[in-house]
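Peer 1: For reference, this is upload_34.pdb, and it has PDB, C-alpha atoms.
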```pdb
ATOM      1  CA  MET A1054     -18.712  10.415  56.547
ATOM      2  CA  SER A1055     -17.152  12.579  53.887
ATOM      3  CA  LEU A1056     -17.788  15.658  55.992
ATOM      4  CA  ILE A1057     -14.380  15.386  57.642
ATOM      5  CA  THR A1058     -12.380  15.866  54.439
ATOM      6  CA  GLU A1059     -14.383  18.857  53.284
ATOM      7  CA  THR A1060     -12.766  22.260  53.828
ATOM      8  CA  HIS A1061     -15.085  25.069  54.750
ATOM      9  CA  ARG A1062     -15.592  27.595  51.977
ATOM     10  CA  ASP A1063     -18.262  30.154  51.201
ATOM     11  CA  ASP A1064     -17.837  31.648  47.737
ATOM     12  CA  LEU A1065     -20.994  33.739  47.944
ATOM     13  CA  ALA A1066     -19.793  35.390  51.153
ATOM     14  CA  SER A1067     -16.377  36.043  49.623
ATOM     15  CA  LYS A1068     -18.000  37.687  46.624
ATOM     16  CA  THR A1069     -20.329  39.721  48.853
ATOM     17  CA  GLY A1070     -17.314  40.955  50.808
ATOM     18  CA  MET A1071     -15.608  41.971  47.571
ATOM     19  CA  TRP A1072     -18.693  43.893  46.459
ATOM     20  CA  LEU A1073     -18.926  45.699  49.808
ATOM     21  CA  PHE A1074     -15.307  46.770  49.367
ATOM     22  CA  LEU A1075     -16.062  47.920  45.810
ATOM     23  CA  PHE A1076     -18.911  50.065  47.178
ATOM     24  CA  THR A1077     -16.442  51.969  49.355
ATOM     25  CA  GLU A1078     -14.333  52.526  46.230
ATOM     26  CA  MET A1079     -17.392  53.816  44.360
ATOM     27  CA  LEU A1080     -18.136  56.228  47.220
ATOM     28  CA  LEU A1081     -14.501  57.400  47.259
ATOM     29  CA  PHE A1082     -14.564  58.270  43.555
ATOM     30  CA  GLY A1083     -18.178  59.440  43.839
ATOM     31  CA  GLY A1084     -17.028  62.079  46.328
ATOM     32  CA  LEU A1085     -14.349  63.225  43.895
ATOM     33  CA  PHE A1086     -16.929  63.437  41.100
ATOM     34  CA  ILE A1087     -18.990  65.752  43.328
ATOM     35  CA  VAL A1088     -15.953  67.986  43.898
ATOM     36  CA  TYR A1089     -15.319  67.981  40.150
ATOM     37  CA  SER A1090     -18.894  68.932  39.243
ATOM     38  CA  VAL A1091     -19.024  71.785  41.764
ATOM     39  CA  TYR A1092     -15.700  73.273  40.612
ATOM     40  CA  ARG A1093     -16.661  72.804  36.986
ATOM     41  CA  PHE A1094     -19.940  74.636  37.683
ATOM     42  CA  ARG A1095     -18.073  77.526  39.344
ATOM     43  CA  ASN A1096     -15.276  77.793  36.711
ATOM     44  CA  PRO A1097     -16.892  76.810  33.403
ATOM     45  CA  GLU A1098     -14.552  78.899  31.211
ATOM     46  CA  ALA A1099     -11.267  77.742  32.732
ATOM     47  CA  PHE A1100     -12.368  74.070  32.736
ATOM     48  CA  HIS A1101     -13.462  74.421  29.114
ATOM     49  CA  GLN A1102     -10.099  75.826  28.034
ATOM     50  CA  ALA A1103      -8.003  73.448  30.138
ATOM     51  CA  ALA A1104      -9.850  70.320  28.976
ATOM     52  CA  HIS A1105      -8.991  71.271  25.390
ATOM     53  CA  GLU A1106      -5.309  70.787  26.169
ATOM     54  CA  LEU A1107      -5.675  67.089  27.021
ATOM     55  CA  SER A1108      -4.999  64.638  24.215
ATOM     56  CA  VAL A1109      -8.266  62.981  23.156
ATOM     57  CA  PHE A1110      -6.209  60.451  21.200
ATOM     58  CA  ILE A1111      -4.269  59.147  24.229
ATOM     59  CA  GLY A1112      -7.474  59.168  26.297
ATOM     60  CA  THR A1113      -9.361  57.140  23.684
ATOM     61  CA  ALA A1114      -6.451  54.706  23.263
ATOM     62  CA  ASN A1115      -6.299  54.152  27.018
ATOM     63  CA  THR A1116     -10.073  53.632  27.194
ATOM     64  CA  ILE A1117      -9.917  50.943  24.524
ATOM     65  CA  ILE A1118      -6.884  49.314  26.208
ATOM     66  CA  LEU A1119      -8.787  49.072  29.500
ATOM     67  CA  LEU A1120     -11.958  47.758  27.825
ATOM     68  CA  ILE A1121      -9.999  44.983  26.076
ATOM     69  CA  SER A1122      -8.193  44.079  29.318
ATOM     70  CA  SER A1123     -11.558  43.851  31.090
ATOM     71  CA  SER A1124     -12.863  41.436  28.483
ATOM     72  CA  THR A1125      -9.726  39.260  28.666
ATOM     73  CA  ILE A1126      -9.950  38.838  32.456
ATOM     74  CA  ALA A1127     -13.684  38.102  32.128
ATOM     75  CA  MET A1128     -12.874  35.425  29.524
ATOM     76  CA  SER A1129     -10.212  33.924  31.782
ATOM     77  CA  VAL A1130     -13.010  33.075  34.261
ATOM     78  CA  THR A1131     -14.796  31.228  31.450
ATOM     79  CA  ALA A1132     -11.526  29.464  30.561
ATOM     80  CA  ILE A1133     -10.926  28.271  34.139
ATOM     81  CA  GLN A1134     -14.544  27.053  34.368
ATOM     82  CA  LYS A1135     -13.942  25.034  31.191
ATOM     83  CA  LYS A1136     -10.768  23.590  32.804
ATOM     84  CA  ASN A1137      -8.579  25.310  30.204
ATOM     85  CA  LYS A1138      -5.719  26.390  32.454
ATOM     86  CA  LYS A1139      -3.379  27.426  29.621
ATOM     87  CA  LEU A1140      -5.916  29.764  28.035
ATOM     88  CA  ALA A1141      -6.794  31.256  31.434
ATOM     89  CA  LEU A1142      -3.112  32.015  32.054
ATOM     90  CA  LEU A1143      -2.676  33.453  28.566
ATOM     91  CA  LEU A1144      -5.696  35.740  29.028
ATOM     92  CA  LEU A1145      -4.441  36.912  32.427
ATOM     93  CA  GLY A1146      -1.022  37.584  30.875
ATOM     94  CA  ILE A1147      -2.667  39.735  28.197
ATOM     95  CA  THR A1148      -4.624  41.568  30.910
ATOM     96  CA  ILE A1149      -1.410  42.380  32.797
ATOM     97  CA  LEU A1150       0.350  43.524  29.602
ATOM     98  CA  LEU A1151      -2.564  45.816  28.709
ATOM     99  CA  GLY A1152      -2.572  47.247  32.239
ATOM    100  CA  VAL A1153       1.139  48.023  31.909
ATOM    101  CA  ALA A1154       0.497  49.593  28.471
ATOM    102  CA  PHE A1155      -2.105  51.861  30.098
ATOM    103  CA  LEU A1156       0.446  52.994  32.678
ATOM    104  CA  VAL A1157       3.116  53.607  30.002
ATOM    105  CA  ASN A1158       0.667  55.850  28.112
ATOM    106  CA  LYS A1159      -0.141  57.640  31.368
ATOM    107  CA  TYR A1160       3.586  58.147  32.001
ATOM    108  CA  PHE A1161       4.089  59.866  28.643
ATOM    109  CA  GLU A1162       0.894  61.891  29.052
ATOM    110  CA  TRP A1163       1.885  63.173  32.508
ATOM    111  CA  GLY A1164       5.472  63.669  31.326
ATOM    112  CA  GLY A1165       4.187  65.950  28.571
ATOM    113  CA  HIS A1166       2.231  68.077  31.057
ATOM    114  CA  ILE A1167       5.117  68.310  33.496
ATOM    115  CA  LYS A1168       7.479  69.366  30.697
ATOM    116  CA  GLU A1169       5.128  72.298  30.050
ATOM    117  CA  HIS A1170       5.330  73.128  33.782
ATOM    118  CA  ILE A1171       1.765  72.005  34.391
ATOM    119  CA  TYR A1172       1.607  70.125  37.677
ATOM    120  CA  PRO A1173       0.086  70.821  41.117
ATOM    121  CA  GLY A1174       2.044  73.578  42.859
ATOM    122  CA  SER A1175       3.662  74.870  39.660
ATOM    123  CA  SER A1176       4.147  78.644  39.528
ATOM    124  CA  VAL A1177       3.462  78.691  35.754
ATOM    125  CA  LEU A1178       0.096  77.033  36.383
ATOM    126  CA  ALA A1179      -0.689  79.424  39.247
ATOM    127  CA  LEU A1180      -0.299  82.386  36.855
ATOM    128  CA  ARG A1181      -3.070  80.982  34.660
ATOM    129  CA  GLY A1182      -5.644  81.452  37.398
ATOM    130  CA  GLN A1183      -7.630  79.564  40.014
ATOM    131  CA  GLY A1184      -9.794  77.624  37.526
ATOM    132  CA  ASP A1185      -6.786  76.045  35.806
ATOM    133  CA  VAL A1186      -5.198  75.212  39.152
ATOM    134  CA  LEU A1187      -8.410  73.431  40.180
ATOM    135  CA  PHE A1188      -8.803  71.595  36.875
ATOM    136  CA  TYR A1189      -5.255  70.261  36.822
ATOM    137  CA  GLY A1190      -5.280  69.567  40.559
ATOM    138  CA  LEU A1191      -8.344  67.353  40.093
ATOM    139  CA  TYR A1192      -6.947  65.878  36.877
ATOM    140  CA  PHE A1193      -3.678  64.799  38.493
ATOM    141  CA  PHE A1194      -5.348  63.609  41.684
ATOM    142  CA  MET A1195      -8.165  61.626  40.078
ATOM    143  CA  THR A1196      -6.162  60.043  37.245
ATOM    144  CA  GLY A1197      -3.321  59.457  39.720
ATOM    145  CA  LEU A1198      -5.610  57.697  42.199
ATOM    146  CA  HIS A1199      -7.001  55.683  39.302
ATOM    147  CA  ALA A1200      -3.477  54.750  38.155
ATOM    148  CA  LEU A1201      -2.716  53.637  41.732
ATOM    149  CA  HIS A1202      -5.733  51.339  41.492
ATOM    150  CA  ILE A1203      -4.365  49.960  38.208
ATOM    151  CA  ILE A1204      -1.063  49.165  39.951
ATOM    152  CA  ILE A1205      -2.879  47.454  42.849
ATOM    153  CA  GLY A1206      -5.028  45.528  40.349
ATOM    154  CA  LEU A1207      -1.928  44.376  38.458
ATOM    155  CA  VAL A1208      -0.338  43.067  41.690
ATOM    156  CA  PHE A1209      -3.622  41.332  42.579
ATOM    157  CA  ILE A1210      -3.832  39.691  39.137
ATOM    158  CA  GLY A1211      -0.143  38.770  39.383
ATOM    159  CA  PHE A1212      -0.842  36.796  42.579
ATOM    160  CA  ILE A1213      -3.862  35.121  40.952
ATOM    161  CA  THR A1214      -1.681  34.064  38.008
ATOM    162  CA  VAL A1215       0.804  32.423  40.384
ATOM    163  CA  PHE A1216      -2.062  30.681  42.227
ATOM    164  CA  ILE A1217      -3.360  29.266  38.937
ATOM    165  CA  ILE A1218       0.127  28.039  37.969
ATOM    166  CA  LYS A1219       0.363  26.307  41.366
ATOM    167  CA  ASP A1220      -3.179  24.875  40.929
ATOM    168  CA  LYS A1221      -4.397  26.652  44.055
ATOM    169  CA  ILE A1222      -7.110  28.097  41.808
ATOM    170  CA  ASP A1223      -8.862  25.680  39.460
ATOM    171  CA  TYR A1224     -12.277  24.938  37.910
ATOM    172  CA  SER A1225     -13.745  24.002  41.310
ATOM    173  CA  ASN A1226     -12.309  26.924  43.263
ATOM    174  CA  PHE A1227     -12.028  30.179  41.341
ATOM    175  CA  ALA A1228     -13.719  32.714  43.639
ATOM    176  CA  LEU A1229     -10.415  34.603  44.018
ATOM    177  CA  LEU A1230     -10.026  34.889  40.250
ATOM    178  CA  GLU A1231     -13.591  36.221  40.028
ATOM    179  CA  ASN A1232     -12.871  38.751  42.783
ATOM    180  CA  SER A1233      -9.714  40.001  41.074
ATOM    181  CA  GLY A1234     -11.820  40.336  37.932
ATOM    182  CA  LEU A1235     -14.431  42.361  39.839
ATOM    183  CA  TYR A1236     -11.716  44.725  41.086
ATOM    184  CA  TRP A1237     -10.291  45.132  37.584
ATOM    185  CA  HIS A1238     -13.747  45.812  36.120
ATOM    186  CA  LEU A1239     -14.359  48.461  38.775
ATOM    187  CA  VAL A1240     -11.132  50.205  37.755
ATOM    188  CA  ASP A1241     -12.417  50.059  34.176
ATOM    189  CA  LEU A1242     -15.816  51.366  35.303
ATOM    190  CA  ILE A1243     -14.238  54.411  36.991
ATOM    191  CA  TRP A1244     -12.217  55.173  33.871
ATOM    192  CA  ILE A1245     -15.423  55.019  31.782
ATOM    193  CA  PHE A1246     -16.536  58.132  33.721
ATOM    194  CA  LEU A1247     -13.140  59.820  34.107
ATOM    195  CA  PHE A1248     -12.540  59.725  30.354
ATOM    196  CA  PRO A1249     -15.546  61.819  29.209
ATOM    197  CA  LEU A1250     -15.300  64.160  32.214
ATOM    198  CA  PHE A1251     -11.688  65.155  31.602
ATOM    199  CA  TYR A1252     -11.098  64.527  27.888
ATOM    200  CA  LEU A1253     -14.405  64.796  26.041
ATOM    201  CA  ILE A1254     -16.543  67.453  27.728
ATOM    202  CA  THR A1255     -14.793  70.647  26.718
TER     203      THR A1255
ATOM    204  CA  MET B 326     -20.138  22.398  46.441
ATOM    205  CA  THR B 327     -22.198  22.877  43.356
ATOM    206  CA  ASN B 328     -24.578  25.788  43.569
ATOM    207  CA  GLU B 329     -26.265  27.833  40.873
ATOM    208  CA  LYS B 330     -23.178  29.979  40.254
ATOM    209  CA  ASN B 331     -21.742  27.403  37.848
ATOM    210  CA  HIS B 332     -23.144  29.480  35.024
ATOM    211  CA  ILE B 333     -20.504  29.609  32.279
ATOM    212  CA  ILE B 334     -20.642  32.663  30.026
ATOM    213  CA  PRO B 335     -19.398  31.844  26.502
ATOM    214  CA  TYR B 336     -16.330  33.670  25.132
ATOM    215  CA  ARG B 337     -18.472  34.996  22.288
ATOM    216  CA  THR B 338     -20.656  37.029  24.675
ATOM    217  CA  PHE B 339     -17.609  38.867  26.023
ATOM    218  CA  LEU B 340     -16.291  39.571  22.518
ATOM    219  CA  PHE B 341     -19.650  40.975  21.403
ATOM    220  CA  VAL B 342     -19.888  43.164  24.497
ATOM    221  CA  LEU B 343     -16.301  44.343  23.954
ATOM    222  CA  ALA B 344     -17.096  45.286  20.355
ATOM    223  CA  GLY B 345     -20.176  47.181  21.548
ATOM    224  CA  LEU B 346     -18.184  49.019  24.224
ATOM    225  CA  ILE B 347     -15.472  50.090  21.768
ATOM    226  CA  LEU B 348     -18.130  51.240  19.311
ATOM    227  CA  LEU B 349     -19.843  53.295  22.050
ATOM    228  CA  THR B 350     -16.488  54.831  23.020
ATOM    229  CA  LEU B 351     -15.759  55.895  19.444
ATOM    230  CA  THR B 352     -19.325  57.226  19.082
ATOM    231  CA  SER B 353     -18.991  59.377  22.192
ATOM    232  CA  VAL B 354     -15.606  60.691  20.999
ATOM    233  CA  ALA B 355     -17.052  61.546  17.570
ATOM    234  CA  LEU B 356     -20.228  63.158  18.958
ATOM    235  CA  THR B 357     -18.439  65.294  21.546
ATOM    236  CA  GLN B 358     -16.113  66.639  18.840
ATOM    237  CA  ILE B 359     -19.129  67.885  16.851
ATOM    238  CA  TYR B 360     -21.755  69.061  19.318
ATOM    239  CA  LEU B 361     -21.488  72.149  21.495
ATOM    240  CA  GLY B 362     -23.199  73.338  24.638
ATOM    241  CA  THR B 363     -24.817  71.386  27.430
ATOM    242  CA  MET B 364     -25.870  68.604  25.026
ATOM    243  CA  THR B 365     -22.233  67.440  24.990
ATOM    244  CA  ILE B 366     -22.306  66.727  28.724
ATOM    245  CA  ILE B 367     -25.628  64.899  28.501
ATOM    246  CA  ILE B 368     -24.556  62.755  25.525
ATOM    247  CA  ALA B 369     -21.157  61.888  27.001
ATOM    248  CA  LEU B 370     -22.588  60.946  30.399
ATOM    249  CA  LEU B 371     -25.466  58.982  28.858
ATOM    250  CA  ILE B 372     -23.062  56.909  26.763
ATOM    251  CA  ALA B 373     -20.855  56.400  29.839
ATOM    252  CA  ALA B 374     -23.924  55.165  31.753
ATOM    253  CA  VAL B 375     -24.819  52.690  28.976
ATOM    254  CA  LYS B 376     -21.214  51.461  28.866
ATOM    255  CA  SER B 377     -21.058  50.982  32.624
ATOM    256  CA  SER B 378     -24.324  49.028  32.626
ATOM    257  CA  PHE B 379     -22.749  46.603  30.122
ATOM    258  CA  VAL B 380     -19.635  46.266  32.273
ATOM    259  CA  LEU B 381     -21.705  45.729  35.428
ATOM    260  CA  ARG B 382     -24.186  43.274  33.936
ATOM    261  CA  ILE B 383     -21.955  41.155  31.692
ATOM    262  CA  PHE B 384     -18.296  41.570  32.723
ATOM    263  CA  MET B 385     -19.163  41.696  36.418
ATOM    264  CA  HIS B 386     -21.756  38.889  35.985
ATOM    265  CA  LEU B 387     -24.562  40.818  37.690
ATOM    266  CA  LYS B 388     -27.082  39.565  35.129
ATOM    267  CA  PHE B 389     -26.467  35.985  36.259
ATOM    268  CA  GLU B 390     -25.950  36.705  39.949
ATOM    269  CA  ASN B 391     -28.148  36.780  43.027
ATOM    270  CA  LYS B 392     -30.544  39.756  42.734
ATOM    271  CA  MET B 393     -29.255  41.005  46.099
ATOM    272  CA  PHE B 394     -26.079  42.318  44.415
ATOM    273  CA  SER B 395     -28.010  44.329  41.823
ATOM    274  CA  LEU B 396     -30.188  45.845  44.535
ATOM    275  CA  MET B 397     -27.179  46.903  46.594
ATOM    276  CA  ILE B 398     -25.524  48.500  43.570
ATOM    277  CA  ILE B 399     -28.689  50.381  42.641
ATOM    278  CA  ALA B 400     -28.790  51.688  46.228
ATOM    279  CA  VAL B 401     -25.171  52.905  46.028
ATOM    280  CA  ILE B 402     -25.754  54.565  42.636
ATOM    281  CA  LEU B 403     -28.908  56.272  43.977
ATOM    282  CA  LEU B 404     -26.943  57.480  47.008
ATOM    283  CA  ILE B 405     -24.135  59.008  44.919
ATOM    284  CA  GLY B 406     -26.635  60.391  42.397
ATOM    285  CA  SER B 407     -28.804  62.058  45.015
ATOM    286  CA  VAL B 408     -25.809  63.596  46.801
ATOM    287  CA  ILE B 409     -24.579  65.062  43.487
ATOM    288  CA  PHE B 410     -28.113  66.301  42.732
ATOM    289  CA  ILE B 411     -28.618  67.932  46.130
ATOM    290  CA  THR B 412     -25.136  69.520  46.078
ATOM    291  CA  LEU B 413     -25.761  71.003  42.624
ATOM    292  CA  LEU B 414     -29.202  72.275  43.689
ATOM    293  CA  ASP B 415     -27.463  74.074  46.533
ATOM    294  CA  TYR B 416     -24.933  75.715  44.194
ATOM    295  CA  LEU B 417     -27.543  76.581  41.545
ATOM    296  CA  TYR B 418     -30.107  78.270  43.828
ATOM    297  CA  ARG B 419     -28.038  79.529  46.710
TER     298      ARG B 419
END
```
Write the structure described by the file as C-alpha cells, please.
Peer 2:
Amino acid sequence: MSLITETHRDDLASKTGMWLFLFTEMLLFGGLFIVYSVYRFRNPEAFHQAAHELSVFIGTANTIILLISSSTIAMSVTAIQKKNKKLALLLLGITILLGVAFLVNKYFEWGGHIKEHIYPGSSVLALRGQGDVLFYGLYFFMTGLHALHIIIGLVFIGFITVFIIKDKIDYSNFALLENSGLYWHLVDLIWIFLFPLFYLIT
Amino acid sequence: MTNEKNHIIPYRTFLFVLAGLILLTLTSVALTQIYLGTMTIIIALLIAAVKSSFVLRIFMHLKFENKMFSLMIIAVILLIGSVIFITLLDYLYR
C-alpha cells in the first residue's frame, strides 16, 4: 500500500484559507475607503486643493512598478509548474527588487512632505484647516498601512524564495508560492484604488 | 495528487495583461488631467474597477479556479459596496 508514504496535504483548503484572510484585508481597507469618501464629501474644497500637491509622476511610477511586480510573481508560478526553478527564482528576485523600489519611492515622497512640515500632528498643517488635516491624516495612514503590507509581502516572498532554493517548494508542491502571490496581488489591488483616490481625483 | 488545478497559464498571457494594465493606468492619468467635475471620479474609479478585475481574474487565477472563490469575492465586494452606498445616502439626505 502506497498510502503509508503519502503525506497529507490539501492545497484547495490552504488556498481557501488564504482567500478568507484576504477578505479580512479587503474589509479593513474597505472601512478606510468609507472614511475617506465621507470626509471627502464633507470637505470637497480642502481635499481638492490638497490632492493637487501630491506628485502624479511618483504615483504613476509606483503603480507601474507594482503592476510589473505582480506579473513577475504570477509568471514565477508558471515557471515552477514548468519545472524551471532558475526562472522562478529570477522572477521572484525581480519581484522583491521592484517591491523595494516602491518603498524607496515612498520614502522620498514622504520625506518631501515631512520637509514641508506636512505630517500628522504638525502645527503648520493644523493652520491650514480641518480638511487638510483629514486629507493628510488619511493619506499617511492609508499609504502607510499599504507600505506595511508591502514589507510583510516582501518578507513572505523572501521565505518562499528560500524554500524554492531548498527544494521545499517544487512543481508538485507550490501552494505556498501561489498563496504568497495572492497576497502580493491583493497589495497591488489595494494600490489600484489608492492611486486614483489620492493622486488622480483632484 | 493531481487535481484540476494543474492548469498552467502561459507567460504570454501575463505579459499581455500587464501591457493592458499599464495602458489603462496611463489612460486614467491622462483623462483625469483633462476632465473636470464629477466625471473625473467616475472615470478614475471605473478604470480602477476594470484593472482590478484583470488582476483578480488572471493574476489571481480566479478565471481558472473553483467558482466558489468568485462567488465569495462577489459577496465581499457587494458588502463593501452596499456599506459605502448606505453611508453616503445617510450623509447626502440627512
Peer 1: Tell me, as number ranges by chain, which residues lie within 10 Å of segment 1065-1082 of chain A, counting all atoms listed in the file; anything in the same chain fewer than 2 positions away does not count.
Peer 2: A: 1062-1063, 1084-1088, 1195, 1198-1199, 1202, 1228-1229, 1231-1233, 1235-1236, 1239-1240, 1242-1243, 1247; B: 328, 330, 390-391, 393-394, 397-398, 401-402, 404-405
Peer 1: Please provide the set of residues having any atom within 8 Å of Val1130 of chain A, restricted to only C-alpha atoms, with same-chain residues fewer than 5 positions apart removed, written as a count of residues only.
Peer 2: 4
Peer 1: Which residue out of A:Ser1129, A:Ser1175, A:Gln1102, A:Thr1148 has the minimum interatomic distance to chain B when only C-alpha atoms are used?
Peer 2: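 Once distances to chain B are computed over only C-alpha atoms, the minimum belongs to A:Ser1129.
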Peer 1: Quick one: apply the PyMOL selection byres ((chain B and resi 364-380) around 10) to the file and drop the selected residues here as a ChimeraX atom specification.
Peer 2: /A:1120,1123-1124,1235,1238-1239,1241-1250,1253-1255 /B:339,342-343,345-347,349-350,352-354,356-363,381-388
Peer 1: Smallest atom-to-atom distance to Gly1197 of chain A: which of A:Lys1159, A:Lys1168, A:Lys1138, A:His1105, using only C-alpha atoms?
Peer 2: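 Result for the nearest residue to Gly1197 of chain A: A:Lys1159.
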Peer 1: Using only C-alpha atoms, which of the listed residues (A:Ser1176, A:Trp1237, A:Ile1171, A:Leu1143) sits closest to chain B?
Peer 2: A:Trp1237
Peer 1: Calculate, to one decimal in Å, the centre and edge lengths of the box along x, y and z of the file that holds all listed atoms of segment 368-371 of chain B with 3 Å of margin on each side, and present them as JSON.
Peer 2:
```
{"center_x": -23.3, "center_y": 60.9, "center_z": 28.0, "size_x": 10.3, "size_y": 9.8, "size_z": 10.9}
```
Peer 1: With distances taken over all atoms listed in the file, which of A:Phe1100, A:Gly1234, A:Tyr1189, A:Thr1214 is nearest to chain B?
Peer 2: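 Distance minimum relative to chain B lands on A:Gly1234.
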Peer 1: Around the point (-10.5, 47.8, 19.5) (coordinates from the file), which residues reach within 8 Å if we count only C-alpha atoms? Answer as a VMD selection string.
Peer 2: (chain A and resid 1117 to 1118 1121) or (chain B and resid 344 347)
Peer 1: So which residues touch Leu1151 of chain A within 7 Å, counting only C-alpha atoms, skipping near sequence neighbours fewer than 4 positions away, as JSON, numbers by chain?
Peer 2: {"A": [1118, 1122, 1147, 1155]}
Peer 1: Within 9 Å of Arg1093 of chain A, counting all atoms listed in the file, which residues qualify if same-chain residues fewer than 5 places away don't, as JSON, numbers by chain?
Peer 2: {"A": [1088, 1098, 1099, 1100, 1101, 1184, 1187, 1188]}
Peer 1: The PyMOL selection byres ((chain B and resi 333) around 8) on the file shown: which residues, as a list in words?
Peer 2: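 For this structure, the PyMOL selection byres ((chain B and resi 333) around 8) captures Thr1131 and Gln1134 of chain A; Asn331, His332, Ile334 and Pro335 of chain B.
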Peer 1: Those selected residues, please, written with C-alpha atoms and delivered as a short mmCIF file (atom, residue, chain, number, x, y, z; two decimals), in the coordinates of the input.
Peer 2:
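Saved to part.cif:
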```cif
data_model
loop_
_atom_site.label_atom_id
_atom_site.label_comp_id
_atom_site.auth_asym_id
_atom_site.auth_seq_id
_atom_site.Cartn_x
_atom_site.Cartn_y
_atom_site.Cartn_z
CA THR A 1131 -14.80 31.23 31.45
CA GLN A 1134 -14.54 27.05 34.37
CA ASN B 331 -21.74 27.40 37.85
CA HIS B 332 -23.14 29.48 35.02
CA ILE B 334 -20.64 32.66 30.03
CA PRO B 335 -19.40 31.84 26.50
#
```
Peer 1: Quote the spacing between atom CA of Asn1137 of chain A and atom CA of Ile1217 of chain A in Å to one decimal place.
Peer 2: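 These two atoms are separated by 10.9 Å.
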Peer 1: Just checking: using only C-alpha atoms, which residue out of A:Asp1064, A:Gly1164, A:Ala1200, A:Leu1145 ends up closest to Phe1216 of chain A?
Peer 2: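 Looking at the shortest contact to Phe1216 of chain A, the residue is A:Leu1145.
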Peer 1: Just to confirm, what's the straight-line distance from atom CA of Leu1191 of chain A to atom CA of Val1208 of chain A in Å (one decimal)?
Peer 2: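 Answer for the atom CA of Leu1191 of chain A to atom CA of Val1208 of chain A separation: 25.6 Å.
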Peer 1: What's the separation between atom CA of Ala1154 of chain A and atom CA of Ser1108 of chain A, in Å to one decimal place?
Peer 2: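 Computed distance, atom CA of Ala1154 of chain A to atom CA of Ser1108 of chain A, equals 16.6 Å.
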Peer 1: Using only C-alpha atoms for the distances, tell me which of A:Ala1103, A:Ile1167, A:Val1109, A:Leu1207 is nearest to chain B.
Peer 2: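 Of the candidates, the smallest distance to chain B is held by A:Val1109.
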